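For reference, the structure discussed in these notes is given below.
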Amino acid sequence: MTIDLRKPAPADQKFSGDKRNIFFFTLTVIAAVLAVGMSELRAQDAPPPYKNASLAVDARVADLVARMTPEEKARQLDMYFGCEDLLDTNKNQTVDHHTHAKPDAIFDPQFAEKMIDHLGVGSVHDLYPRAKLSNRIQEWIIKSNRLGIPALFIEEGLHGYMDYDETVFPQSINLATTWNPELARRTGAAIAAQARANGVAMILGPVLDIARDPRWGRVEEDFGEDPYLTGQLGLAFVQGMQGDSLNTDHTVVAEPKHFAGHGSPEGGLNMSPVHAGEREVRSIMLKSFEPAVREGKAMGIMVAYHDIDGVPCTGNPWLLNKVLRDEWGFQGFVLSDLGAIRRLYDTHHVVDSPTNAVLLALNSGVDMQFYDFDHTVFQEAIVNGVKNGQVTEATLNQAVARVLRVKFLLGLFDHPFVDEKLDATVRHCPAHADLALESARQSMCLLKNEGELLPLKKNLKRIAVIGPNANIARIGDYTEAAHESSAQGMLEQIKHLVSTNSEVLFSDGEDIKNAAALAQKADVVILGLGEWLKISGEGFDRSDLNLPGKQEELLEAIVGTGKPVVLVLQNGRPLSITWAAKHVPAILEAWYPGEFGGRAIAETLFGDNNPAGRLPITFPRSVGQLPDFYNHLPSRKDSYIEGDSSPLFVFGHGLSYTTFKYDNLNVTTPSTHSTDDLLVSCKITNTGKCVGDEVAQLYVRQETASVATPVKALKGFSRIHLQPQESKVITFHLKQSDLAVWNANQRWQVEPGKYAVTMGGSSSGGLSAQFTLE
């Protein structure tokens, strides 16, 4: 029956007033319900706020965290082993060397689903995917978890994205020897481009530990012994990696490591305790990290394995929360080093179970584990810890938010896939090769050149190239050993460079008698000695610093021939070459100069490249002098009963084929109560006959202080290029805050009084002046 509400109803169809009111009320309710339903349907069709790219990142993070279950949150704090958890290693076409997917590896979602359920993935490591593989895995991860959260691919890239055929740049200690922050910035940017082109959005580096014990195998990964030099190079490297925005196809999250103090382990043994008080930690060990965090806005930090004064770094809220976050304003997330959370339980013994190790780390400020515990153990510890009140929900939410914030800043929610054509434009591209060669050239450090033996003439009749490092380019740890090539070694590069009438003879030096006989035939001998993988690198700490094996015997035999000898070192740490320093006329320190290192060495030996590298770390005379660093406190004694306690080669040392003169040192101090910078200027002249670079170094000493301060400390440096007889005036802007000391009241303070400045070409001397701060 149809009722026309506009017409009076027939008598038999009339409603009473009450019935009519009920009828209209019912219609109103139905309309309202329908309206609400349609609104809800429209709301359901609209994406949630965290998927709205126009909203602020923090708003998107907050919305997403509010939607997550405890289990989903715990999953975001976990790292997965790419080659084991995502690829079927039983299939030969998928994996090389346990940690690297083959270039043509195929992703099998059915295998991955057996290993990983539908809760998502925090991060993936040890995969080194090509773009196609990372895209397929990322697509599956996003589709397979309820909220569509992407994974963060994290890999190593200390001096080149650690894949098979990427450009290998000189090792970090080489970069430090250049004293050139611009090279560090460009290198960081190149490595970021290599990685991001393959879908990798975070690199575990740079290493900003202060290397104060050369027995430690990881010295090669560092920027040396000085906090200011390390801090400035680290800042530039991070800025190069992260660029102006993380949301690009060529920038990545940088993750300075190993926070903190890792470079001063007991006995030089990796992961051993560090014995330092808060003043030394703040003044030396943290100063190398601070610029990268405060100015560089590094979005990752790797916390170290060891303990400082008995407190493990992964269980140290003072380090991770008070200093890193509250004082420095760190906005990224903290990742443990591999197994560093586990060590709370099985090494440091500060907790009695894996569960409590996880909770201590989380409560102390660690946000993500690195293969510490089985995924179930780690994630259940977090979920049950919240239920049991051992960790607050706010603490968990904060850690999850930090990880998610980085993913949002990288643009992974909005642009999760990488252009698969991009890698071809980056992989081993000419620009990267040129940069690697330039960096190698600038890192060549001439330690000795008696009688101006170098540079050698290209038309010498016979040149003997001898030694275990003579015919190979040593590249150092954290890269693929396949890059070490005889074609790029100094032997072949010397052959390319010298006259076609020159004869180049070779011996690897294994048979010392035959090598000496070969040397007798030559006009000059170039001796390639030093270290290599398995002698230097992570886990390869040494109890002495002598030339390994029979190299010292080989060296003395070759010098005994009476022929002019040039010693070329490729090594990862300072070596005690006391005999060589006395008896060999020319010594070139090349460290691990990357895949084009052989060419840089050859060019330097024969004058096409004027060396201007400067040592970023002290060379001791013997292991008995250790620790031996230039910026020691004034109470250190200066003599042993065996004789000279001075370094063999000082921090900042390096020679050139030309000479430089410093004049007119001037210091301008600000007015009383002003916070303006001090200005320190000096004129530098190339007084020689060839073009060259000089590294001007500014050191400061506080004459009297409330606490003991170093005898000198680097506060500025500048690498300048000068033509013969050309002069330049350089001016350093010295911030007053850089003169602050951590005083007896545990506060940073710029103290009034007298200061001395020294400017020159090394830490051993130069022009000096005094100034007073009122």
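Following the order of the structure tokens, chains are lettered A, B, ..., residues in each are numbered from 1, and ligands are numbered from 1.
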*Pull the strand (DSSP E) assignments for range 284-478 of chain A out of DSSP run on the backbone, and list those residues as a list in words.*
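The residues of range 284-478 of chain A classed as strand (DSSP E) are Gly300, Ile301, Met302, Val303, Asp307, Ile308, Val311, Pro312, Phe333, Val334, Leu335, Ser336, Cys445, Leu446, Leu447, Lys448, Asn449, Arg462, Ile463, Ala464, Val465 and Ile466 of chain A.
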Save the residues we just selected, N, CA, C and O atoms, as a compact mmCIF listing (two decimals), in the first residue's frame?
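Written out: again.txt:
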```txt
# COMPACT_ATOMS: atom_id res chain seq x y z
N GLY A 300 70.84 8.02 12.02
CA GLY A 300 71.10 6.72 12.60
C GLY A 300 72.32 6.80 13.49
O GLY A 300 73.21 7.62 13.28
N ILE A 301 72.37 5.96 14.51
CA ILE A 301 73.55 5.81 15.36
C ILE A 301 73.67 4.33 15.68
O ILE A 301 72.68 3.68 16.04
N MET A 302 74.88 3.78 15.56
CA MET A 302 75.12 2.41 16.00
C MET A 302 75.81 2.46 17.35
O MET A 302 76.89 3.04 17.49
N VAL A 303 75.19 1.81 18.34
CA VAL A 303 75.77 1.77 19.67
C VAL A 303 76.69 0.57 19.77
O VAL A 303 76.44 -0.49 19.20
N ASP A 307 82.05 -1.85 27.13
CA ASP A 307 81.63 -1.08 28.29
C ASP A 307 82.62 0.04 28.53
O ASP A 307 83.81 -0.07 28.22
N ILE A 308 82.13 1.14 29.08
CA ILE A 308 82.97 2.27 29.49
C ILE A 308 82.87 2.39 31.00
O ILE A 308 81.78 2.60 31.54
N VAL A 311 80.16 0.17 32.44
CA VAL A 311 78.77 0.28 31.99
C VAL A 311 78.70 -0.01 30.50
O VAL A 311 79.23 0.76 29.68
N PRO A 312 78.05 -1.12 30.08
CA PRO A 312 77.94 -1.43 28.65
C PRO A 312 77.18 -0.34 27.90
O PRO A 312 76.18 0.20 28.40
N PHE A 333 67.11 6.93 14.92
CA PHE A 333 66.99 5.76 15.78
C PHE A 333 68.36 5.12 16.03
O PHE A 333 69.29 5.28 15.24
N VAL A 334 68.45 4.41 17.15
CA VAL A 334 69.69 3.77 17.58
C VAL A 334 69.60 2.28 17.29
O VAL A 334 68.68 1.60 17.73
N LEU A 335 70.60 1.79 16.56
CA LEU A 335 70.72 0.37 16.23
C LEU A 335 71.87 -0.21 17.03
O LEU A 335 72.94 0.40 17.12
N SER A 336 71.68 -1.39 17.61
CA SER A 336 72.79 -2.03 18.30
C SER A 336 73.79 -2.56 17.27
O SER A 336 73.42 -2.85 16.13
N CYS A 445 101.00 10.02 1.33
CA CYS A 445 101.69 10.73 2.41
C CYS A 445 103.18 10.37 2.38
O CYS A 445 103.56 9.23 2.67
N LEU A 446 103.99 11.34 2.05
CA LEU A 446 105.44 11.15 1.96
C LEU A 446 106.04 11.34 3.35
O LEU A 446 106.07 12.46 3.88
N LEU A 447 106.53 10.25 3.93
CA LEU A 447 107.07 10.31 5.29
C LEU A 447 108.54 10.73 5.32
O LEU A 447 108.99 11.38 6.27
N LYS A 448 109.29 10.35 4.30
CA LYS A 448 110.72 10.66 4.27
C LYS A 448 111.17 10.78 2.82
O LYS A 448 110.69 10.03 1.96
N ASN A 449 112.09 11.71 2.56
CA ASN A 449 112.62 11.86 1.19
C ASN A 449 114.03 12.42 1.26
O ASN A 449 114.31 13.53 0.82
N ARG A 462 116.75 0.42 -15.41
CA ARG A 462 116.13 -0.75 -14.78
C ARG A 462 115.54 -0.36 -13.44
O ARG A 462 116.20 0.28 -12.62
N ILE A 463 114.30 -0.77 -13.24
CA ILE A 463 113.57 -0.50 -11.99
C ILE A 463 113.12 -1.84 -11.42
O ILE A 463 112.42 -2.60 -12.10
N ALA A 464 113.53 -2.14 -10.21
CA ALA A 464 113.10 -3.38 -9.56
C ALA A 464 111.93 -3.06 -8.63
O ALA A 464 112.02 -2.17 -7.77
N VAL A 465 110.84 -3.77 -8.80
CA VAL A 465 109.65 -3.63 -7.96
C VAL A 465 109.51 -4.94 -7.19
O VAL A 465 109.28 -6.00 -7.79
N ILE A 466 109.64 -4.87 -5.89
CA ILE A 466 109.77 -6.08 -5.07
C ILE A 466 108.84 -6.01 -3.87
O ILE A 466 108.64 -4.94 -3.28
```
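Near range 376-380 of chain A, within a cut-off of 7 Å and counting only C-alpha atoms, sit the residues Ala74, Arg75, Val358 and Asn384 of chain A, with same-chain residues fewer than 4 positions away left out.
You can rank A:Pro291, A:Pro724, A:Pro670, A:Pro49 by their closest distance to Thr772 in chain A using only C-alpha atoms, and at the top of that list sits A:Pro670.
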*From range 119-180 of chain A, collect each residue whose DSSP state is helix (DSSP H, G or I) and return the set as a ChimeraX atom specification.*
/A:131-144,172-178
Please write the residues from the selection above to a file, keeping N, CA, C and O atoms, as a PDB file, in the first residue's frame.
```pdb
ATOM      1  N   ALA A 131      68.243  -3.651  -7.798  1.00  0.00           N
ATOM      2  CA  ALA A 131      66.978  -2.923  -7.709  1.00  0.00           C
ATOM      3  C   ALA A 131      65.771  -3.826  -7.917  1.00  0.00           C
ATOM      4  O   ALA A 131      64.771  -3.717  -7.206  1.00  0.00           O
ATOM      5  N   LYS A 132      65.853  -4.710  -8.878  1.00  0.00           N
ATOM      6  CA  LYS A 132      64.699  -5.577  -9.166  1.00  0.00           C
ATOM      7  C   LYS A 132      64.356  -6.438  -7.967  1.00  0.00           C
ATOM      8  O   LYS A 132      63.176  -6.597  -7.612  1.00  0.00           O
ATOM      9  N   LEU A 133      65.354  -6.998  -7.309  1.00  0.00           N
ATOM     10  CA  LEU A 133      65.113  -7.852  -6.154  1.00  0.00           C
ATOM     11  C   LEU A 133      64.564  -7.059  -4.972  1.00  0.00           C
ATOM     12  O   LEU A 133      63.600  -7.483  -4.320  1.00  0.00           O
ATOM     13  N   SER A 134      65.141  -5.908  -4.697  1.00  0.00           N
ATOM     14  CA  SER A 134      64.645  -5.111  -3.568  1.00  0.00           C
ATOM     15  C   SER A 134      63.209  -4.654  -3.814  1.00  0.00           C
ATOM     16  O   SER A 134      62.388  -4.615  -2.885  1.00  0.00           O
ATOM     17  N   ASN A 135      62.869  -4.341  -5.057  1.00  0.00           N
ATOM     18  CA  ASN A 135      61.495  -3.945  -5.370  1.00  0.00           C
ATOM     19  C   ASN A 135      60.507  -5.091  -5.141  1.00  0.00           C
ATOM     20  O   ASN A 135      59.418  -4.895  -4.592  1.00  0.00           O
ATOM     21  N   ARG A 136      60.881  -6.296  -5.585  1.00  0.00           N
ATOM     22  CA  ARG A 136      59.969  -7.434  -5.407  1.00  0.00           C
ATOM     23  C   ARG A 136      59.783  -7.760  -3.922  1.00  0.00           C
ATOM     24  O   ARG A 136      58.669  -8.050  -3.477  1.00  0.00           O
ATOM     25  N   ILE A 137      60.857  -7.704  -3.167  1.00  0.00           N
ATOM     26  CA  ILE A 137      60.752  -7.989  -1.734  1.00  0.00           C
ATOM     27  C   ILE A 137      59.948  -6.904  -1.036  1.00  0.00           C
ATOM     28  O   ILE A 137      59.070  -7.198  -0.209  1.00  0.00           O
ATOM     29  N   GLN A 138      60.234  -5.662  -1.359  1.00  0.00           N
ATOM     30  CA  GLN A 138      59.499  -4.561  -0.732  1.00  0.00           C
ATOM     31  C   GLN A 138      58.015  -4.640  -1.046  1.00  0.00           C
ATOM     32  O   GLN A 138      57.161  -4.425  -0.165  1.00  0.00           O
ATOM     33  N   GLU A 139      57.689  -4.962  -2.280  1.00  0.00           N
ATOM     34  CA  GLU A 139      56.277  -5.091  -2.680  1.00  0.00           C
ATOM     35  C   GLU A 139      55.585  -6.168  -1.853  1.00  0.00           C
ATOM     36  O   GLU A 139      54.462  -5.972  -1.372  1.00  0.00           O
ATOM     37  N   TRP A 140      56.260  -7.304  -1.664  1.00  0.00           N
ATOM     38  CA  TRP A 140      55.661  -8.399  -0.892  1.00  0.00           C
ATOM     39  C   TRP A 140      55.502  -8.013   0.580  1.00  0.00           C
ATOM     40  O   TRP A 140      54.465  -8.277   1.188  1.00  0.00           O
ATOM     41  N   ILE A 141      56.495  -7.351   1.145  1.00  0.00           N
ATOM     42  CA  ILE A 141      56.425  -6.950   2.558  1.00  0.00           C
ATOM     43  C   ILE A 141      55.282  -5.983   2.782  1.00  0.00           C
ATOM     44  O   ILE A 141      54.510  -6.108   3.744  1.00  0.00           O
ATOM     45  N   ILE A 142      55.144  -5.004   1.901  1.00  0.00           N
ATOM     46  CA  ILE A 142      54.068  -4.019   2.054  1.00  0.00           C
ATOM     47  C   ILE A 142      52.701  -4.680   1.949  1.00  0.00           C
ATOM     48  O   ILE A 142      51.797  -4.406   2.758  1.00  0.00           O
ATOM     49  N   LYS A 143      52.529  -5.557   0.979  1.00  0.00           N
ATOM     50  CA  LYS A 143      51.229  -6.206   0.784  1.00  0.00           C
ATOM     51  C   LYS A 143      50.922  -7.230   1.866  1.00  0.00           C
ATOM     52  O   LYS A 143      49.737  -7.500   2.151  1.00  0.00           O
ATOM     53  N   SER A 144      51.953  -7.795   2.460  1.00  0.00           N
ATOM     54  CA  SER A 144      51.727  -8.894   3.397  1.00  0.00           C
ATOM     55  C   SER A 144      51.489  -8.459   4.826  1.00  0.00           C
ATOM     56  O   SER A 144      51.149  -9.285   5.668  1.00  0.00           O
ATOM     57  N   SER A 172      88.877   4.574   4.821  1.00  0.00           N
ATOM     58  CA  SER A 172      88.626   5.774   5.633  1.00  0.00           C
ATOM     59  C   SER A 172      89.909   6.444   6.088  1.00  0.00           C
ATOM     60  O   SER A 172      90.001   7.681   6.132  1.00  0.00           O
ATOM     61  N   ILE A 173      90.925   5.651   6.450  1.00  0.00           N
ATOM     62  CA  ILE A 173      92.172   6.268   6.916  1.00  0.00           C
ATOM     63  C   ILE A 173      92.847   7.042   5.792  1.00  0.00           C
ATOM     64  O   ILE A 173      93.539   8.040   6.040  1.00  0.00           O
ATOM     65  N   ASN A 174      92.640   6.619   4.543  1.00  0.00           N
ATOM     66  CA  ASN A 174      93.129   7.406   3.406  1.00  0.00           C
ATOM     67  C   ASN A 174      92.393   8.731   3.310  1.00  0.00           C
ATOM     68  O   ASN A 174      93.006   9.785   3.094  1.00  0.00           O
ATOM     69  N   LEU A 175      91.078   8.664   3.448  1.00  0.00           N
ATOM     70  CA  LEU A 175      90.277   9.879   3.368  1.00  0.00           C
ATOM     71  C   LEU A 175      90.712  10.859   4.455  1.00  0.00           C
ATOM     72  O   LEU A 175      90.799  12.071   4.218  1.00  0.00           O
ATOM     73  N   ALA A 176      91.017  10.335   5.641  1.00  0.00           N
ATOM     74  CA  ALA A 176      91.493  11.193   6.728  1.00  0.00           C
ATOM     75  C   ALA A 176      92.833  11.821   6.379  1.00  0.00           C
ATOM     76  O   ALA A 176      93.105  12.983   6.730  1.00  0.00           O
ATOM     77  N   THR A 177      93.681  11.078   5.666  1.00  0.00           N
ATOM     78  CA  THR A 177      95.008  11.562   5.314  1.00  0.00           C
ATOM     79  C   THR A 177      94.951  12.695   4.298  1.00  0.00           C
ATOM     80  O   THR A 177      95.899  13.479   4.172  1.00  0.00           O
ATOM     81  N   THR A 178      93.845  12.821   3.582  1.00  0.00           N
ATOM     82  CA  THR A 178      93.688  13.947   2.653  1.00  0.00           C
ATOM     83  C   THR A 178      93.443  15.259   3.389  1.00  0.00           C
ATOM     84  O   THR A 178      93.658  16.327   2.822  1.00  0.00           O
TER      85      THR A 178
END
```
*If you measure from CA of Ala705 in chain A to CA of Val757 in chain A, what distance in Å do you get, rounded to one decimal?*
15.5 Å
Closest pair table for range 431-549 of chain A residues within 6 Å of range 563-576 of chain A, only C-alpha atoms, as a Markdown table:
```
| residue | atom | partner | partner_atom | distance |
| --- | --- | --- | --- | --- |
| A:Val524 | CA | A:Pro564 | CA | 5.1 |
| A:Val525 | CA | A:Val565 | CA | 4.8 |
| A:Ile526 | CA | A:Val566 | CA | 4.8 |
| A:Leu527 | CA | A:Leu567 | CA | 4.9 |
| A:Gly528 | CA | A:Val568 | CA | 5.0 |
| A:Leu529 | CA | A:Leu569 | CA | 5.2 |
| A:Gly530 | CA | A:Asn571 | CA | 5.0 |
| A:Glu531 | CA | A:Asn571 | CA | 4.6 |
| A:Ser536 | CA | A:Gly572 | CA | 5.8 |
| A:Leu545 | CA | A:Leu575 | CA | 4.9 |
| A:Asn546 | CA | A:Ser576 | CA | 5.2 |
```
*Contacts of Phe111 in chain A at 9 Å or less, counting only C-alpha atoms, minus same-chain residues fewer than 6 places along, as a ChimeraX atom specification?*
/A:85-88
